[in-house]
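Okay, protein_2.txt is below, compact mmCIF, C-alpha atoms:
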# COMPACT_ATOMS: atom_id res chain seq x y z
CA MET A 301 92.21 143.60 149.58
CA PRO A 302 88.90 145.19 150.71
CA GLY A 303 87.14 147.33 148.11
CA LEU A 304 89.27 146.13 145.20
CA SER A 305 88.59 142.61 143.97
CA ALA A 306 85.10 142.15 145.40
CA ALA A 307 83.22 145.41 144.85
CA ASN A 308 85.31 146.93 142.05
CA PRO A 309 86.87 144.10 140.05
CA ASP A 310 87.36 145.91 136.74
CA TRP A 311 88.99 149.18 137.80
CA TYR A 312 92.37 148.27 136.28
CA GLY A 313 90.88 147.27 132.92
CA GLU A 314 88.72 150.38 132.94
CA LEU A 315 91.75 152.68 133.22
CA GLU A 316 93.58 150.69 130.55
CA ARG A 317 90.68 150.99 128.12
CA LYS A 318 90.28 154.74 128.67
CA TYR A 319 93.91 155.84 128.64
CA PHE A 320 95.69 153.09 126.68
CA PRO A 321 93.06 151.91 124.16
CA ALA A 322 95.68 150.66 121.69
CA ASP A 323 97.31 148.41 124.28
CA VAL A 324 94.62 147.21 126.69
CA ARG A 325 95.78 144.74 129.34
CA THR A 326 92.80 143.83 131.48
CA GLU A 327 94.73 141.93 134.16
CA PRO A 328 97.62 143.28 136.25
CA ASN A 329 100.86 141.34 135.75
CA LEU A 330 103.39 141.48 138.59
CA ASP A 331 106.28 140.21 136.48
CA ARG A 332 105.73 142.82 133.76
CA ALA A 333 105.28 145.61 136.31
CA LEU A 334 108.47 144.85 138.22
CA THR A 335 110.44 144.43 135.00
CA GLY A 336 109.28 147.82 133.73
CA ILE A 337 110.14 149.56 137.00
CA ALA A 338 113.56 147.91 137.20
CA THR A 339 114.36 148.90 133.62
CA TRP A 340 113.30 152.49 134.26
CA ASP A 341 115.39 152.86 137.40
CA ALA A 342 118.50 151.34 135.79
CA ASP A 343 118.37 153.80 132.87
CA GLU A 344 120.42 156.86 133.85
CA ASN A 345 118.59 158.94 131.22
CA THR A 346 115.04 158.49 132.52
CA GLY A 347 115.43 159.83 136.05
CA ARG A 348 114.41 158.36 139.38
CA LEU A 349 111.00 157.64 140.87
CA THR A 350 109.46 160.40 142.97
CA PRO A 351 109.09 159.94 146.75
CA ALA A 352 105.36 159.36 146.27
CA GLN A 353 105.99 156.68 143.62
CA LYS A 354 108.52 154.99 145.92
CA ALA A 355 105.97 154.84 148.73
CA ARG A 356 103.36 153.27 146.42
CA LEU A 357 105.93 150.83 145.02
CA TRP A 358 106.96 149.64 148.48
CA TYR A 359 103.31 149.28 149.49
CA GLY A 360 102.64 147.21 146.35
CA ILE A 361 105.62 144.89 146.77
CA SER A 362 104.84 144.40 150.47
CA ALA A 363 101.15 143.74 149.82
CA ALA A 364 101.98 141.22 147.08
CA GLU A 365 104.33 139.34 149.40
CA ARG A 366 101.72 139.36 152.17
CA LEU A 367 99.04 137.99 149.83
CA ARG A 368 101.36 135.29 148.53
CA ALA A 369 102.22 134.28 152.09
CA VAL A 370 98.64 133.91 153.36
CA ALA A 371 96.55 133.00 150.31
CA SER A 372 96.45 130.27 147.72
CA ASN A 373 96.79 132.13 144.44
CA SER A 374 98.97 132.45 141.37
CA LEU A 375 101.25 135.21 142.64
CA PRO A 376 104.88 134.16 142.25
CA ALA A 377 107.12 134.06 145.27
CA LEU A 378 109.13 137.26 145.40
CA ASP A 379 112.40 135.67 146.52
CA ASN A 380 113.09 132.71 144.20
CA SER A 381 110.82 132.80 141.16
CA GLY A 382 113.44 132.31 138.47
CA ALA A 383 116.42 134.37 137.44
CA ASP A 384 114.52 136.89 135.30
CA PHE A 385 111.82 137.56 137.89
CA GLY A 386 114.36 137.67 140.70
CA GLU A 387 116.40 140.32 138.89
CA ALA A 388 113.26 142.34 138.17
CA LEU A 389 112.43 142.25 141.88
CA VAL A 390 115.95 143.35 142.84
CA GLY A 391 115.77 146.18 140.28
CA SER A 392 112.43 147.34 141.66
CA LEU A 393 113.65 147.25 145.25
CA ALA A 394 116.65 149.28 144.08
CA ALA A 395 114.25 151.96 142.86
CA LEU A 396 113.35 152.63 146.52
CA ALA A 397 116.86 153.96 147.19
CA PRO A 398 117.42 157.65 148.05
CA TYR A 399 118.39 160.08 145.31
CA GLU A 400 121.94 160.27 146.63
CA SER A 401 122.69 156.63 145.71
CA PRO A 402 125.63 156.88 143.26
CA SER A 403 124.74 154.29 140.63
CA ALA A 404 122.18 151.71 139.56
CA GLY A 405 124.71 148.96 140.30
CA ASP A 406 125.15 150.13 143.89
CA ARG A 407 121.40 150.42 144.36
CA GLN A 408 120.87 146.90 143.07
CA GLY A 409 123.65 145.53 145.28
CA ASN A 410 121.99 146.98 148.38
CA ALA A 411 118.59 145.67 147.25
CA ARG A 412 119.94 142.17 146.70
CA ALA A 413 121.50 142.18 150.18
CA ALA A 414 118.20 143.26 151.74
CA ARG A 415 116.27 140.55 149.89
CA ASP A 416 118.77 137.84 150.84
CA ASP A 417 118.63 138.99 154.45
CA GLY A 418 114.91 138.20 154.64
CA LEU A 419 113.42 141.68 154.32
CA LEU A 420 110.37 140.49 152.37
CA GLN A 421 109.62 137.60 154.73
CA ASP A 422 109.79 139.95 157.72
CA VAL A 423 107.46 142.42 156.01
CA ALA A 424 104.95 139.71 155.05
CA SER A 425 104.64 138.50 158.63
CA ALA A 426 104.18 142.04 160.00
CA PHE A 427 101.85 143.49 157.33
CA VAL A 428 98.54 142.42 158.90
CA ARG A 429 96.44 145.58 158.59
CA ALA A 430 96.58 148.83 156.66
CA SER A 431 98.02 150.83 159.56
CA ASP A 432 101.00 148.45 159.71
CA PHE A 433 102.46 150.06 156.60
CA ASP A 434 103.45 153.27 158.38
CA ARG A 435 104.06 151.50 161.70
CA VAL A 436 106.37 148.64 160.63
CA VAL A 437 106.67 148.28 156.84
CA ARG A 438 108.14 151.72 156.11
CA PRO A 439 110.64 151.42 158.99
CA ALA A 440 111.72 147.99 157.72
CA ALA A 441 112.75 149.50 154.38
CA VAL A 442 114.44 152.45 156.08
CA ALA A 443 116.52 150.14 158.30
CA SER A 444 117.56 147.97 155.35
CA PRO A 445 120.60 148.54 153.09
CA ILE A 446 118.18 149.86 150.44
CA ARG A 447 117.47 153.11 152.29
CA GLY A 448 120.46 153.14 154.62
CA GLY A 449 118.51 154.84 157.39
CA GLU A 450 116.93 157.57 155.24
CA LYS A 451 113.22 157.98 155.91
CA MET A 452 110.43 157.50 153.37
CA THR A 453 108.28 160.55 154.09
CA ALA A 454 105.75 160.68 151.22
CA PRO A 455 102.22 159.95 152.49
CA LEU A 456 100.08 157.27 150.88
CA CYS A 457 96.99 158.46 149.02
CA GLN A 458 93.81 157.95 151.07
CA THR A 459 90.47 158.27 149.30
CA ALA A 460 86.73 158.01 149.88
CA VAL A 461 83.79 158.27 147.47
CA VAL A 462 80.97 160.78 148.08
CA THR A 463 78.15 162.24 145.99
CA VAL A 464 78.50 165.95 145.18
CA ASP A 465 75.95 167.79 143.02
CA GLY A 466 74.69 164.42 141.81
CA TYR A 467 78.14 163.18 140.76
CA GLN A 468 80.04 160.37 142.48
CA SER A 469 83.25 162.10 143.47
CA VAL A 470 86.53 161.17 145.10
CA ILE A 471 87.84 162.79 148.29
CA VAL A 472 91.63 162.79 148.62
CA ASP A 473 93.05 163.96 151.96
CA THR A 474 96.67 164.48 152.99
CA LYS A 475 98.27 165.65 156.24
CA PHE A 476 101.97 166.23 156.78
CA ASN A 477 104.40 168.29 158.85
CA SER A 478 107.68 170.07 158.22
CA ALA A 479 110.14 171.27 160.83
CA ASP A 480 112.13 173.23 158.23
CA ILE A 481 109.58 175.07 156.07
CA SER A 482 107.82 178.17 157.42
CA LEU A 483 104.30 179.45 156.83
CA ASN A 484 105.71 182.52 155.09
CA GLN A 485 107.62 180.31 152.64
CA LEU A 486 104.43 178.45 151.77
CA LYS A 487 102.45 181.68 151.55
CA ALA A 488 104.91 182.89 148.91
CA ILE A 489 104.20 179.97 146.53
CA VAL A 490 100.70 178.64 147.31
CA ASN A 491 98.76 180.93 144.92
CA PRO A 492 97.36 178.72 142.10
CA PHE A 493 99.08 180.88 139.47
CA ASN A 494 102.35 179.39 140.76
CA TRP A 495 101.30 175.74 140.63
CA ASP A 496 102.68 175.00 137.16
CA GLU A 497 106.10 176.20 138.37
CA ASP A 498 105.71 174.66 141.83
CA TYR A 499 105.04 171.15 140.47
CA SER A 500 105.27 170.84 136.70
CA LYS A 501 104.95 167.03 136.82
CA LEU A 502 101.23 167.47 137.49
CA PHE A 503 100.34 171.07 136.60
CA VAL A 504 100.91 171.94 132.94
CA ASP A 505 99.58 175.51 132.85
CA MET A 506 97.68 178.03 135.00
CA GLN A 507 96.15 180.72 132.78
CA GLU A 508 94.61 184.07 133.65
CA GLN A 509 90.91 184.61 132.96
CA THR A 510 88.59 187.59 132.62
CA PRO A 511 87.51 189.42 134.75
CA GLY A 512 90.09 187.80 137.06
CA ILE A 513 88.19 188.53 140.27
CA LEU A 514 84.50 187.69 140.67
CA PRO A 515 82.02 189.98 142.50
CA ASP A 516 82.38 187.91 145.70
CA ASN A 517 86.20 188.35 145.58
CA TRP A 518 87.00 184.79 144.50
CA ARG A 519 89.80 184.77 141.91
CA GLN A 520 89.70 182.95 138.55
CA VAL A 521 92.25 180.66 136.91
CA LEU A 522 92.17 178.07 134.10
CA GLU A 523 94.05 174.96 135.23
CA THR A 524 95.58 172.31 132.95
CA VAL A 525 96.92 169.15 134.60
CA ARG A 526 98.56 166.02 133.20
CA LEU A 527 97.31 162.71 134.62
CA ILE A 528 98.83 159.85 132.64
CA GLY A 529 101.17 160.17 129.67
CA ASP A 530 99.88 162.96 127.44
CA THR A 531 96.35 162.92 128.88
CA THR A 532 95.37 166.34 130.26
CA LEU A 533 92.38 167.95 131.98
CA ARG A 534 91.56 171.65 131.48
CA THR A 535 89.36 173.01 134.25
CA PRO A 536 88.21 176.57 135.16
CA LEU A 537 88.68 177.17 138.88
CA LYS A 538 87.96 179.96 141.31
CA PHE A 539 89.99 180.35 144.50
CA PHE A 540 89.88 182.36 147.70
CA PRO A 541 93.10 183.10 149.65
CA TYR A 542 92.96 184.42 153.19
CA MET A 543 94.75 184.45 156.51
CA ALA A 544 92.52 183.09 159.25
CA SER A 545 95.09 184.45 161.72
CA PRO A 546 98.78 185.41 161.57
CA THR A 547 99.60 181.72 162.09
CA GLU A 548 96.92 180.15 159.85
CA LEU A 549 96.85 180.25 156.06
CA GLU A 550 93.94 178.94 153.98
CA MET A 551 93.54 178.58 150.22
CA ASN A 552 90.11 177.35 149.12
CA TYR A 553 89.18 176.52 145.53
CA ASP A 554 86.13 175.33 143.61
CA LEU A 555 84.88 174.79 140.06
CA ASP A 556 84.19 178.12 138.35
CA MET A 557 80.77 177.56 136.78
CA SER A 558 80.69 181.16 135.54
CA ASN A 559 83.53 180.22 133.17
CA PHE A 560 82.78 176.52 132.67
CA GLU A 561 82.93 176.60 128.87
CA ALA A 562 86.61 177.62 128.99
CA GLY A 563 87.46 174.08 130.11
CA ASP A 564 87.21 170.74 128.33
CA ARG A 565 84.15 169.61 130.38
CA GLN A 566 85.90 166.47 131.64
CA VAL A 567 85.74 167.58 135.29
CA ARG A 568 82.30 168.20 136.85
CA VAL A 569 83.35 168.55 140.50
CA ASP A 570 86.64 170.12 141.59
CA ARG A 571 86.90 171.67 145.04
CA GLY A 572 89.19 171.58 148.01
CA PHE A 573 91.60 173.47 150.20
CA ILE A 574 95.19 173.86 151.34
CA ASN A 575 95.45 174.78 155.04
CA VAL A 576 98.73 175.63 156.76
CA THR A 577 99.21 176.15 160.50
CA VAL A 578 102.35 177.27 162.34
CA THR A 579 103.59 174.58 164.76
CA ASN A 580 106.87 176.01 166.07
CA PRO A 581 106.88 176.88 169.82
CA ALA A 582 107.31 180.59 169.11
CA LYS A 583 104.24 180.62 166.83
CA ASN A 584 106.37 182.60 164.40
CA PRO A 585 105.27 182.40 160.74
CA SER A 586 108.82 183.21 159.63
CA GLN A 587 110.35 180.24 161.44
CA GLY A 588 110.31 176.60 160.33
CA GLY A 589 107.53 174.42 161.67
CA VAL A 590 104.18 173.90 159.92
CA ARG A 591 101.30 171.46 159.69
CA VAL A 592 99.77 171.14 156.19
CA VAL A 593 96.32 169.66 155.53
CA THR A 594 94.95 169.34 151.99
CA ARG A 595 91.69 168.09 150.52
CA LYS A 596 90.72 167.46 146.90
CA VAL A 597 87.17 166.50 145.85
CA VAL A 598 86.92 165.65 142.15
CA HIS A 599 84.68 163.94 139.59
CA ILE A 600 86.15 163.06 136.18
CA GLU A 601 83.75 162.09 133.41
CA GLY A 602 83.90 158.72 131.68
CA ILE A 603 85.16 156.41 134.44
CA SER A 604 83.63 154.90 137.57
CA ALA A 605 84.13 156.41 141.01
CA PHE A 606 86.52 153.75 142.25
CA ALA A 607 88.62 153.93 139.09
CA GLN A 608 88.72 157.70 139.59
CA ALA A 609 90.07 157.11 143.10
CA ARG A 610 92.91 155.02 141.74
CA LEU A 611 93.51 157.50 138.92
CA VAL A 612 93.84 160.58 141.12
CA CYS A 613 96.28 158.73 143.37
CA ILE A 614 98.37 157.57 140.40
CA GLY A 615 98.18 161.07 138.90
CA GLY A 616 99.59 162.59 142.07
CA TYR A 617 96.68 164.54 143.56
CA GLY A 618 97.26 162.97 146.96
CA THR A 619 100.71 161.58 147.49
CA ALA A 620 102.48 164.37 145.61
CA SER A 621 101.12 167.10 147.91
CA ALA A 622 104.23 167.12 150.09
CA ASP A 623 106.54 167.39 147.06
CA PHE A 624 104.30 169.98 145.47
CA LEU A 625 104.15 172.31 148.49
CA LEU A 626 107.23 171.69 150.62
CA GLY A 627 109.53 171.18 147.65
CA SER A 628 108.50 174.40 145.94
CA ALA A 629 108.60 176.33 149.23
CA ALA A 630 112.24 175.27 149.64
CA ASN A 631 113.02 176.10 145.99
CA PRO A 632 110.49 178.77 144.94
CA PRO A 633 109.90 180.13 141.43
CA ALA A 634 111.99 183.15 140.48
CA THR A 635 109.03 185.58 140.47
CA PRO A 636 106.06 183.87 142.15
CA ALA A 637 102.56 185.35 142.09
CA GLU A 638 101.75 186.88 145.45
CA PHE A 639 99.35 185.19 147.87
CA ASP A 640 96.44 187.53 147.08
CA TYR A 641 97.08 187.82 143.32
CA PRO A 642 95.20 189.04 141.34
CA THR A 643 93.92 192.21 142.98
CA LYS A 644 91.93 195.13 141.59
CA THR A 645 92.48 198.80 142.28
CA GLY A 646 89.71 200.16 144.48
CA GLN A 647 88.45 196.72 145.48
CA PRO A 648 89.00 195.63 149.11
CA ASP A 649 91.42 192.75 149.55
CA PRO A 650 89.71 190.05 151.66
CA THR A 651 93.02 188.88 153.13
CA GLU A 652 94.06 192.19 154.68
CA LYS A 653 92.67 194.44 157.39
CA PRO A 654 91.02 197.55 155.89
CA ALA A 655 93.19 200.63 156.43
CA ALA A 656 91.77 203.83 157.91
CA PRO A 657 92.63 207.20 156.25
CA ALA A 658 96.12 208.29 157.30
CA GLU A 659 95.12 211.86 158.14
CA GLU A 660 92.22 210.90 160.45
CA PRO A 661 92.60 207.51 162.19
CA SER A 662 89.24 205.85 162.53
CA THR A 663 87.93 204.05 165.61
CA VAL A 664 84.97 202.53 163.77
CA VAL A 665 85.21 198.83 162.92
CA PRO A 666 84.47 198.43 159.18
CA ARG A 667 81.28 196.53 158.40
CA ALA A 668 81.74 193.28 156.45
CA THR A 669 79.96 193.18 153.12
CA ALA A 670 77.92 190.19 152.03
CA THR A 671 80.28 189.32 149.20
CA THR A 672 83.38 189.19 151.43
CA HIS A 673 81.61 187.42 154.30
CA PHE A 674 79.05 184.93 153.03
CA VAL A 675 81.11 182.69 150.76
CA PRO A 676 84.14 182.17 153.03
CA ALA A 677 81.77 181.51 155.94
CA ALA A 678 80.02 178.81 153.92
CA VAL A 679 83.39 177.28 153.01
CA ASP A 680 84.44 177.24 156.67
CA ALA A 681 81.21 175.65 157.88
CA TRP A 682 81.15 173.05 155.11
CA THR A 683 84.83 172.21 155.56
CA GLU A 684 84.50 171.64 159.30
CA CYS A 685 81.41 169.44 158.90
CA ALA A 686 82.76 167.37 155.99
CA GLN A 687 86.19 166.92 157.54
CA ASP A 688 84.70 165.75 160.85
CA LEU A 689 82.50 163.16 159.14
CA THR A 690 85.31 161.95 156.86
CA ASN A 691 87.71 161.57 159.79
CA GLY A 692 85.05 159.52 161.57
CA TYR A 693 84.60 157.38 158.48
CA PHE A 694 88.31 156.56 158.35
CA ASP A 695 88.25 155.66 162.08
CA VAL A 696 85.41 153.19 161.49
CA ALA A 697 87.06 151.80 158.34
CA GLN A 698 90.32 151.23 160.21
CA LYS A 699 88.55 149.27 162.94
CA TRP A 700 86.78 147.18 160.31
CA LEU A 701 90.05 146.38 158.53
CA SER A 702 91.65 145.27 161.81
CA GLY A 703 88.67 143.10 162.77
CA SER A 704 87.87 145.15 165.89
CA LEU A 705 84.68 146.94 164.74
CA THR A 706 81.78 146.47 167.16
CA LEU A 707 78.05 147.18 166.94
CA ASN A 708 78.55 150.03 169.42
CA ASP A 709 81.09 151.63 167.06
CA VAL A 710 78.59 151.49 164.19
CA ALA A 711 75.79 152.92 166.35
CA ASP A 712 78.01 155.75 167.63
CA TYR A 713 79.10 156.74 164.12
CA THR A 714 75.51 156.61 162.81
CA ALA A 715 74.41 158.93 165.60
CA ARG A 716 77.34 161.24 164.87
CA VAL A 717 76.45 161.48 161.18
CA SER A 718 72.79 162.15 161.97
CA GLY A 719 73.74 164.85 164.47
CA GLU A 720 76.03 166.59 161.98
CA LEU A 721 73.37 166.58 159.27
CA VAL A 722 70.75 168.00 161.63
CA SER A 723 73.03 170.71 163.05
CA SER A 724 74.76 171.76 159.81
CA PRO A 725 72.12 174.35 158.75
CA TRP A 726 72.51 176.02 162.16
CA LYS A 727 76.31 176.06 161.71
CA TYR A 728 75.87 177.87 158.39
CA LEU A 729 73.41 180.36 159.90
CA GLN A 730 75.69 181.11 162.85
CA ALA A 731 78.78 181.51 160.66
CA MET A 732 77.03 183.81 158.21
CA THR A 733 75.32 186.05 160.77
CA THR A 734 78.20 186.42 163.27
CA PRO A 735 80.02 189.73 162.77
CA ARG A 736 83.56 189.06 161.60
CA SER A 737 86.72 190.73 162.80
CA PRO A 738 88.13 193.27 160.36
CA GLY A 739 90.32 191.61 157.76
CA ARG A 740 89.13 188.12 158.67
CA PRO A 741 86.78 186.66 156.02
CA GLY A 742 84.32 184.07 157.18
CA GLY A 743 83.46 185.49 160.61
CA ALA A 744 83.89 183.45 163.76
CA ARG A 745 85.38 180.02 163.35
How would this structure read if it were set down as structure tokens?
Amino acid sequence: MPGLSAANPDWYGELERKYFPADVRTEPNLDRALTGIATWDADENTGRLTPAQKARLWYGISAAERLRAVASNSLPALDNSGADFGEALVGSLAALAPYESPSAGDRQGNARAARDDGLLQDVASAFVRASDFDRVVRPAAVASPIRGGEKMTAPLCQTAVVTVDGYQSVIVDTKFNSADISLNQLKAIVNPFNWDEDYSKLFVDMQEQTPGILPDNWRQVLETVRLIGDTTLRTPLKFFPYMASPTELEMNYDLDMSNFEAGDRQVRVDRGFINVTVTNPAKNPSQGGVRVVTRKVVHIEGISAFAQARLVCIGGYGTASADFLLGSAANPPATPAEFDYPTKTGQPDPTEKPAAPAEEPSTVVPRATATTHFVPAAVDAWTECAQDLTNGYFDVAQKWLSGSLTLNDVADYTARVSGELVSSPWKYLQAMTTPRSPGRPGGAR
């Protein structure tokens, strides 16, 4: 498994030592893991796994069966490894079932039928490269009695490691669509002050700070999130909400260094965005049909970069994005904070077009101030550059994993990176000196 056993062999033990110091287990144990999952799912009082956890579980079981099939190692066979192990496997497969499944017994019966019908052997033979998971492995589970035709929609967590402000940081990207949720529904809940109500499994509290809005119109909030068990991170953030157009919503956020001491100092890099675009044919923000793209860049003190990558995926930064946003849009808080909350009387709102006096309509286009123009422009330029390079990185990585990477591919990507680095200062200059349309922070895009 590239990047795991060779370059980062101790990531599992590192997380154990940091977050479970009284019960450190330095080596993963498949039997113990499956037994724990099966026990959890069979207990009617503990609840079911989330869609993101189900996706990771199915990836793990499928990868283990693939490794056992092609390598000489100590992994037990997943179909006939003794009664106890076999029942743990059945119980874990049962955990993949949809929420509507009536009982643990029914779920286990369907899982046993799928196992006996050769589901795992079929998956092992088809799971050759990473892209096969979405192409053939997910559909195999959906077509089996376990899922009964119901899709597994939660995206897997994809990460990369970059250096930001001298800290090795993890990039987590997600992209997903919804035909049912509208941009206006997401706009109603996407303000960070709603996050603890939107997705309480990750966000513990979002607290107001003083002054609330910074001189450049970025808002302030103190975020507390829960990663594993009772472990929390308390981080001061600033965020900037704006509508790039009537069909494009953007919420950018970054570490608030002006208020850094309000946090627990565990997080030294924390930036990203939530972008929503209308996809319905009518381009109507009130109708269902959106494309959501998120990015999280984070550095957590005390653990290595690769262990951080695993931690943020386990903690839900990546794979929970769909549940966090689409789920809360469908079932919003009773009194959500508005998109541009907080606002200050007498201070222009960067998300709205400035209004002319009612008694004397003005024909003069308002001039953008430096504070409402410069920072969003920098965010736009940086986002476009970083996203382009990261997308290229994933393209190259995918070719390498499939064994189809050529020297020409490497040369092309190297030239692309060099070109982006050379041209980036000019992108910033153009973005920050181009006059913006009224009510559109960040200038031309």
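Between atom CA of A:Lys451 and atom CA of A:Arg332 the interatomic distance comes to 27.9 Å.
For the pair atom CA of A:Val569 and atom CA of A:Gln608, the separation is 12.1 Å.
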I need the residue nearest A:Thr463 from this list: A:Val598, A:Leu367, A:Tyr641, A:Ile337. Use all atoms listed in the file for the distance. A:Val598
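Reported to one decimal place, the separation of atom CA of A:Asp556 from atom CA of A:Ile528 is 24.1 Å.
Across A:Val464, A:Ala352, A:Ala383, A:Val592, the tightest approach to A:Arg568 is made by A:Val464 when counting only C-alpha atoms.
Closest approach to A:Ala404 among A:Ala338, A:Ala369, A:Ile574, A:Leu330 is made by A:Ala338 (distances from only C-alpha atoms).
Proximity ranking of A:Asp498, A:Asp554, A:Glu387, A:Asp417 relative to A:Phe573 places A:Asp554 first, based on all atoms listed in the file.
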Residues near A:Tyr499, cut-off 6 Å, all atoms listed in the file, skip fewer than 3 positions along chain, as an MDAnalysis selection string: chainID A and resid 495:496 624
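When all atoms listed in the file are used to compute distances to A:Val462, the closest of the residues A:Val521, A:Ala609, A:Leu514, A:Ala395 turns out to be A:Ala609.
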